[in-house]
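A.B. asks: Sharing a structure below in structure tokens format, with a few things to ask.
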Amino acid sequence: MMSQLTKGQKFIAYGSLVFVLAWTVFGLFAIWLMTSEG
Amino acid sequence: MKLSNDANKALGLFLRQHKIPTEDVNDLEEVVSMMPDDRKQIYKNVESNPVGDLFRYSVHIRIQHLLTFTTFLLLAFTGLPIHYNDAFWAVPFNDVLGGVEVTRVIHRTLATWMVLSMGYHLFTVIGGSIQKISQGKFDIGRSIIPVLKDARDFMADMAYHAGQRENRPEMDKFMYKQKIHYFAAAFGNIVMVVSGSSFIFPEFWNSVLPTDIASHFQEMMRLSHPHEALLALLVIAFWHWYNVHLAPGRFPMQWTFLTGKLTREHQIEEHFIEYLRCLASLPKERAYLREVLVSKGLVSASKETDARQNFLFDQHRQWVRERAEQEAGLDSMAEDTQS
């Protein structure tokens with residue numbers, strides 16, 4: 001059973017999650033570039 | 001709980017290597033025999049601090065991970081505008097930094113930092129292993145080196161996920177997935193360093209390679225550098241980040257890379273052999289688990305038979321006895337020679 005995160009910990013955890021998801025979108029963008037420009 | 005042969009072997013080795021006192025081994029035997037066979041019952045009922053309960057990574061490994069991921073992301077961020085320097089989005093990016101020549105200098109400086117962090121990692125991993133071997137505390141099963149058990153674990157884990165098995169296999173400190181990921185990253189780093197260095201030091205590679213290979217080598221490296229980079233980006237974004245951010249039980253983030261600690265729940269589920277080692281060396285953890293098993297009514301019904309089935313502890317006691325007898329024998333021999 002996982003206990004709750006504190007406010008500061010939540011900020012770090014979700015902030016980091018948003019960062020990696022944004023980076024994933026950037027990765028997809030990079031793939032689109034590679035395939036569209038040949 | 002009756003331990004599997006693999007768990008028995010690994011734990012037996014740990015008890016001998018770390019000279020765990022007999023009273024602790026007796027206590028451990030009792031706690032193990034109290035555990036229910038269904039391990040899910042244990043990890044679903046223990047309390048876990050999401051930030052981490054049990055020690056896993058030294059500060060060196062954490063610094064190496066921080067160095068690797070900052071340089072990796074920045075290298076990808078500067079490498080793409082270098083490779084696509086005439087693309088519509090790359091032109092303003094390079095201009096902000098002062099032109100593609102400047103982006104290239106930044107990229108190479110970051111690459112040097114990444115190579116340094118690789119060196120730091122090799123130094124700590126090899127040095128740490130030599131230290132453990134010299135102290136007689138090295139266990140290959142506890143290391144990142146792939147062993148046959150990983151193939152068995154993989155099959156068993158697939159069977160569990162397909163609903164053909166009650167529990168996940170009893171895996172060690174590093175499970176099969178982590179070993180694959182580690183060596184994929186190591187291979188990728190080598191490819192990036194070799195191909196990257198061929199752009200900075202073409203004369204060096206020309207001088208060491210045979211002439212007919214050297215002419216193709218540069219072209220091959222020009223191809224492999226961006227493609228390996230893209231592969232790495234995909235692996236990080238879809239595999240690694242799924243495992244440490246999005247997977248059930250890890251969401252929104254696994255904290256091990258910052259705190260060096262793993263949650264109790266995670267360790268019992270995926271690294272049960274390492275959890276047994278924690279139980280062997282931490283009396284507090286044994287006391288905690290015993291209390292959870294009793295208070296939640298999870299104590300194994302077949303406690304008596306299980307205790308008798310666990311030969312490990314009898315073997316260990318016999319080993320301690322034999323060692324004591326040997327030492328006593330050596331002492332008396334020394335006395336004989338002195339007199």
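We label chains A, B, ... in the order they appear in the structure tokens, count residues from 1 in each chain, and number ligands from 1 in the order shown.
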Skipping near chain neighbours, those fewer than 6 positions away, what residues fall within 10 Å of Phe26 of chain A using only C-alpha atoms, listed as a ChimeraX atom specification?

C.D. replies: /A:20,32 /B:77,233,237

A.B. asks: Could you write out as a PyMOL selection string the residues of chain B within 9 Å of chain A, counting only C-alpha atoms?

C.D. replies: chain B and resi 43-51+73+80+84+87+230+233-234+236-238+241+245-246+249+251-255+263+265

A.B. asks: Can you write just those residues out, C-alpha atoms, as a PDB file, in the first residue's frame?

C.D. replies:
```pdb
ATOM      1  CA  TYR B  43       3.417  -6.730  -1.390  1.00  0.00           C
ATOM      2  CA  LYS B  44      -0.169  -5.568  -1.490  1.00  0.00           C
ATOM      3  CA  ASN B  45      -0.300  -5.296   2.300  1.00  0.00           C
ATOM      4  CA  VAL B  46       3.039  -3.747   3.237  1.00  0.00           C
ATOM      5  CA  GLU B  47       3.312   0.002   3.633  1.00  0.00           C
ATOM      6  CA  SER B  48       5.436   1.821   1.076  1.00  0.00           C
ATOM      7  CA  ASN B  49       6.830   5.306   1.105  1.00  0.00           C
ATOM      8  CA  PRO B  50       6.691   6.374  -2.579  1.00  0.00           C
ATOM      9  CA  VAL B  51      10.030   8.163  -2.145  1.00  0.00           C
ATOM     10  CA  LEU B  73      18.871  15.216 -23.627  1.00  0.00           C
ATOM     11  CA  LEU B  80      19.099  17.401 -34.335  1.00  0.00           C
ATOM     12  CA  TYR B  84      18.978  19.157 -40.113  1.00  0.00           C
ATOM     13  CA  ALA B  87      15.341  22.767 -41.878  1.00  0.00           C
ATOM     14  CA  LEU B 230      17.101   8.375 -32.981  1.00  0.00           C
ATOM     15  CA  LEU B 233      15.584   8.738 -28.226  1.00  0.00           C
ATOM     16  CA  LEU B 234      12.832   6.212 -28.993  1.00  0.00           C
ATOM     17  CA  ILE B 236      14.192   6.473 -23.725  1.00  0.00           C
ATOM     18  CA  ALA B 237      10.862   8.056 -24.607  1.00  0.00           C
ATOM     19  CA  PHE B 238       8.760   4.931 -25.038  1.00  0.00           C
ATOM     20  CA  TRP B 241       9.916   6.505 -19.412  1.00  0.00           C
ATOM     21  CA  HIS B 245       6.865   7.115 -14.962  1.00  0.00           C
ATOM     22  CA  LEU B 246       3.729   5.582 -16.430  1.00  0.00           C
ATOM     23  CA  GLY B 249       2.802   1.281  -9.337  1.00  0.00           C
ATOM     24  CA  PHE B 251       3.065   6.634 -11.662  1.00  0.00           C
ATOM     25  CA  PRO B 252       3.714   9.612 -11.482  1.00  0.00           C
ATOM     26  CA  MET B 253       7.430   8.934 -10.931  1.00  0.00           C
ATOM     27  CA  GLN B 254       9.867   6.436  -9.501  1.00  0.00           C
ATOM     28  CA  TRP B 255      12.144   8.241  -7.030  1.00  0.00           C
ATOM     29  CA  THR B 263       9.765   1.107  -2.327  1.00  0.00           C
ATOM     30  CA  GLU B 265       6.235  -3.022  -2.496  1.00  0.00           C
TER      31      GLU B 265
END
```

A.B. asks: What lies within 12 Å of Phe72 of chain B using only C-alpha atoms, ignoring chain neighbours under 5 positions off, as a list in words?

C.D. replies: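 Residues near the query, excluding close chain neighbours: Gln64, His65, Leu66, Leu67, Phe77, Thr78, Gly79, His107, Leu110, Ala111, Thr112, Trp113, Met114, Val115, Ser117, Met118, Ala185, Gly188, Asn189, Met192, Ala229, Leu230, Ala232, Leu233 and Ile236 of chain B.
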
A.B. asks: Next, write the just-selected residues to a file, as a compact mmCIF listing (two decimals), in the first residue's frame, keeping N, CA and C atoms as the atom set.

C.D. replies:
```
# COMPACT_ATOMS: atom_id res chain seq x y z
N GLN B 64 25.98 9.51 -11.78
CA GLN B 64 26.19 9.06 -13.16
C GLN B 64 24.90 9.13 -13.96
N HIS B 65 23.77 8.76 -13.34
CA HIS B 65 22.49 8.83 -14.04
C HIS B 65 22.13 10.28 -14.35
N LEU B 66 22.36 11.18 -13.38
CA LEU B 66 22.07 12.60 -13.62
C LEU B 66 22.93 13.15 -14.76
N LEU B 67 24.23 12.81 -14.73
CA LEU B 67 25.14 13.26 -15.79
C LEU B 67 24.69 12.71 -17.14
N PHE B 77 19.12 17.51 -28.22
CA PHE B 77 18.55 18.83 -28.51
C PHE B 77 19.47 19.66 -29.42
N THR B 78 20.79 19.47 -29.30
CA THR B 78 21.72 20.20 -30.17
C THR B 78 22.07 19.39 -31.42
N GLY B 79 22.01 18.05 -31.29
CA GLY B 79 22.39 17.20 -32.42
C GLY B 79 21.41 17.29 -33.58
N HIS B 107 27.71 20.91 -28.76
CA HIS B 107 27.45 19.47 -28.88
C HIS B 107 28.70 18.67 -28.51
N LEU B 110 29.44 18.86 -24.70
CA LEU B 110 28.54 17.97 -23.97
C LEU B 110 28.95 16.51 -24.14
N ALA B 111 29.41 16.19 -25.37
CA ALA B 111 29.84 14.82 -25.65
C ALA B 111 31.03 14.45 -24.76
N THR B 112 31.93 15.41 -24.54
CA THR B 112 33.08 15.15 -23.66
C THR B 112 32.59 14.81 -22.26
N TRP B 113 31.59 15.56 -21.78
CA TRP B 113 31.02 15.29 -20.45
C TRP B 113 30.40 13.89 -20.39
N MET B 114 29.73 13.51 -21.49
CA MET B 114 29.12 12.18 -21.50
C MET B 114 30.20 11.08 -21.45
N VAL B 115 31.29 11.29 -22.19
CA VAL B 115 32.39 10.31 -22.18
C VAL B 115 33.00 10.25 -20.77
N SER B 117 31.47 10.83 -17.96
CA SER B 117 30.55 10.12 -17.06
C SER B 117 30.60 8.61 -17.32
N MET B 118 30.83 8.23 -18.59
CA MET B 118 31.02 6.80 -18.90
C MET B 118 32.25 6.26 -18.19
N ALA B 185 21.98 0.34 -23.70
CA ALA B 185 22.52 1.69 -23.50
C ALA B 185 24.04 1.68 -23.64
N GLY B 188 24.83 1.40 -27.30
CA GLY B 188 24.51 2.67 -27.95
C GLY B 188 25.58 3.72 -27.67
N ASN B 189 26.03 3.78 -26.41
CA ASN B 189 27.07 4.75 -26.04
C ASN B 189 28.35 4.50 -26.82
N MET B 192 27.92 5.68 -30.36
CA MET B 192 27.93 7.14 -30.45
C MET B 192 29.32 7.71 -30.26
N ALA B 229 21.23 7.71 -32.60
CA ALA B 229 20.67 8.76 -31.75
C ALA B 229 19.15 8.68 -31.73
N LEU B 230 18.56 8.47 -32.90
CA LEU B 230 17.10 8.38 -32.98
C LEU B 230 16.60 7.14 -32.24
N ALA B 232 18.04 5.68 -29.74
CA ALA B 232 18.17 5.94 -28.30
C ALA B 232 17.03 6.81 -27.80
N LEU B 233 16.68 7.84 -28.59
CA LEU B 233 15.58 8.74 -28.23
C LEU B 233 14.27 7.96 -28.09
N ILE B 236 14.37 5.68 -24.94
CA ILE B 236 14.19 6.47 -23.72
C ILE B 236 12.74 6.93 -23.60
```

A.B. asks: For Arg277 of chain B, please output as number ranges by chain all residues within 9 Å (counting only C-alpha atoms; exclusion window: fewer than 5 positions along the same chain).

C.D. replies: B: 10-11, 14-15, 272, 282

A.B. asks: Given the selection you just returned, output its residues as a file containing N, CA and C atoms, formatted as an mmCIF file, in the first residue's frame.

C.D. replies:
```cif
data_model
loop_
_atom_site.group_PDB
_atom_site.id
_atom_site.type_symbol
_atom_site.label_atom_id
_atom_site.label_comp_id
_atom_site.auth_asym_id
_atom_site.auth_seq_id
_atom_site.Cartn_x
_atom_site.Cartn_y
_atom_site.Cartn_z
ATOM 1 N N ALA B 10 20.871 -18.157 -3.623
ATOM 2 C CA ALA B 10 21.345 -16.773 -3.511
ATOM 3 C C ALA B 10 21.406 -16.341 -2.045
ATOM 4 N N LEU B 11 20.353 -16.691 -1.288
ATOM 5 C CA LEU B 11 20.315 -16.288 0.117
ATOM 6 C C LEU B 11 21.391 -17.017 0.922
ATOM 7 N N PHE B 14 24.626 -15.341 0.379
ATOM 8 C CA PHE B 14 24.669 -14.050 1.087
ATOM 9 C C PHE B 14 24.953 -14.261 2.582
ATOM 10 N N LEU B 15 24.277 -15.256 3.185
ATOM 11 C CA LEU B 15 24.452 -15.513 4.621
ATOM 12 C C LEU B 15 25.899 -15.877 4.930
ATOM 13 N N PHE B 272 12.579 -9.936 -5.414
ATOM 14 C CA PHE B 272 12.329 -10.625 -4.147
ATOM 15 C C PHE B 272 13.610 -11.157 -3.511
ATOM 16 N N LEU B 282 18.742 -6.697 7.908
ATOM 17 C CA LEU B 282 18.073 -5.621 8.652
ATOM 18 C C LEU B 282 17.060 -6.192 9.663
#
```

A.B. asks: Contacts of Ser195 of chain B at 8 Å or less, counting only C-alpha atoms, minus same-chain residues fewer than 5 places along, as a PDB file with N, CA, C and O atoms, in the first residue's frame?

C.D. replies:
```pdb
ATOM      1  N   MET B 221      29.997   5.835 -40.376  1.00  0.00           N
ATOM      2  CA  MET B 221      29.832   6.572 -39.124  1.00  0.00           C
ATOM      3  C   MET B 221      28.861   7.746 -39.292  1.00  0.00           C
ATOM      4  O   MET B 221      28.070   8.036 -38.418  1.00  0.00           O
ATOM      5  N   ARG B 222      28.915   8.394 -40.467  1.00  0.00           N
ATOM      6  CA  ARG B 222      27.978   9.495 -40.771  1.00  0.00           C
ATOM      7  C   ARG B 222      26.534   8.986 -40.745  1.00  0.00           C
ATOM      8  O   ARG B 222      25.617   9.711 -40.371  1.00  0.00           O
ATOM      9  N   SER B 224      25.540   6.039 -39.064  1.00  0.00           N
ATOM     10  CA  SER B 224      25.151   5.420 -37.788  1.00  0.00           C
ATOM     11  C   SER B 224      24.952   6.436 -36.659  1.00  0.00           C
ATOM     12  O   SER B 224      24.134   6.210 -35.773  1.00  0.00           O
ATOM     13  N   HIS B 225      25.653   7.567 -36.690  1.00  0.00           N
ATOM     14  CA  HIS B 225      25.526   8.529 -35.583  1.00  0.00           C
ATOM     15  C   HIS B 225      24.091   9.058 -35.418  1.00  0.00           C
ATOM     16  O   HIS B 225      23.512   8.900 -34.359  1.00  0.00           O
TER      17      HIS B 225
END
```

A.B. asks: Using the chain letters and numbers from this document, which residues of segment 28-163 of chain B does DSSP assign to helix (DSSP H, G or I), as JSON, numbers by chain?

C.D. replies: {"B": [28, 29, 30, 31, 32, 33, 34, 39, 40, 41, 42, 43, 59, 60, 61, 62, 63, 64, 65, 66, 67, 68, 69, 70, 71, 72, 73, 74, 75, 76, 77, 78, 79, 80, 81, 82, 83, 90, 91, 92, 93, 94, 95, 96, 97, 100, 101, 102, 103, 104, 105, 106, 107, 108, 109, 110, 111, 112, 113, 114, 115, 116, 117, 118, 119, 120, 121, 122, 123, 124, 125, 126, 127, 128, 129, 130, 131, 132, 133, 134, 140, 141, 142, 148, 149, 150, 151, 152, 153, 154, 155, 156, 157, 158, 159, 160, 161]}

A.B. asks: I'd like the contact shell of segment 320-333 of chain B - 9 Å cut-off, only C-alpha atoms, skipping same-chain residues fewer than 3 positions apart - returned as a VMD selection string.

C.D. replies: chain B and resid 16 19 21 to 22 315 to 317 336 to 338

A.B. asks: Env of Ile268 of chain B: 12 Å cut, atoms = only C-alpha atoms, seq-sep filter 2 positions within chain, self excluded. Answer as a PyMOL selection string.

C.D. replies: chain B and resi 35+38-48+53-54+167-173+262-266+270-279+289

A.B. asks: When you draw a straight line from atom CA of Thr71 of chain B to atom CA of Ile126 of chain B, how long is it in Å?

C.D. replies: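 Pair atom CA of Thr71 of chain B / atom CA of Ile126 of chain B returns 22.7 Å.
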
A.B. asks: For atom CA of Arg56 of chain B and atom CA of Leu298 of chain B, determine how far apart the two atoms are, in Å to one decimal place.

C.D. replies: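 If I compute the distance from atom CA of Arg56 of chain B to atom CA of Leu298 of chain B, I get 27.1 Å.
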
A.B. asks: Select, from B:Lys149, B:His83, B:Lys179, B:Arg62, the residue with the minimum atom-to-atom distance to His121 of chain B, counting only C-alpha atoms.

C.D. replies: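 The shortest atom-to-atom distance to His121 of chain B comes from B:Arg62.
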
A.B. asks: Report, in Å to a single decimal, how far apart atom CA of His181 of chain B and atom CA of Val147 of chain B are.

C.D. replies: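 Atom CA of Val147 of chain B sits 14.9 Å away from atom CA of His181 of chain B.
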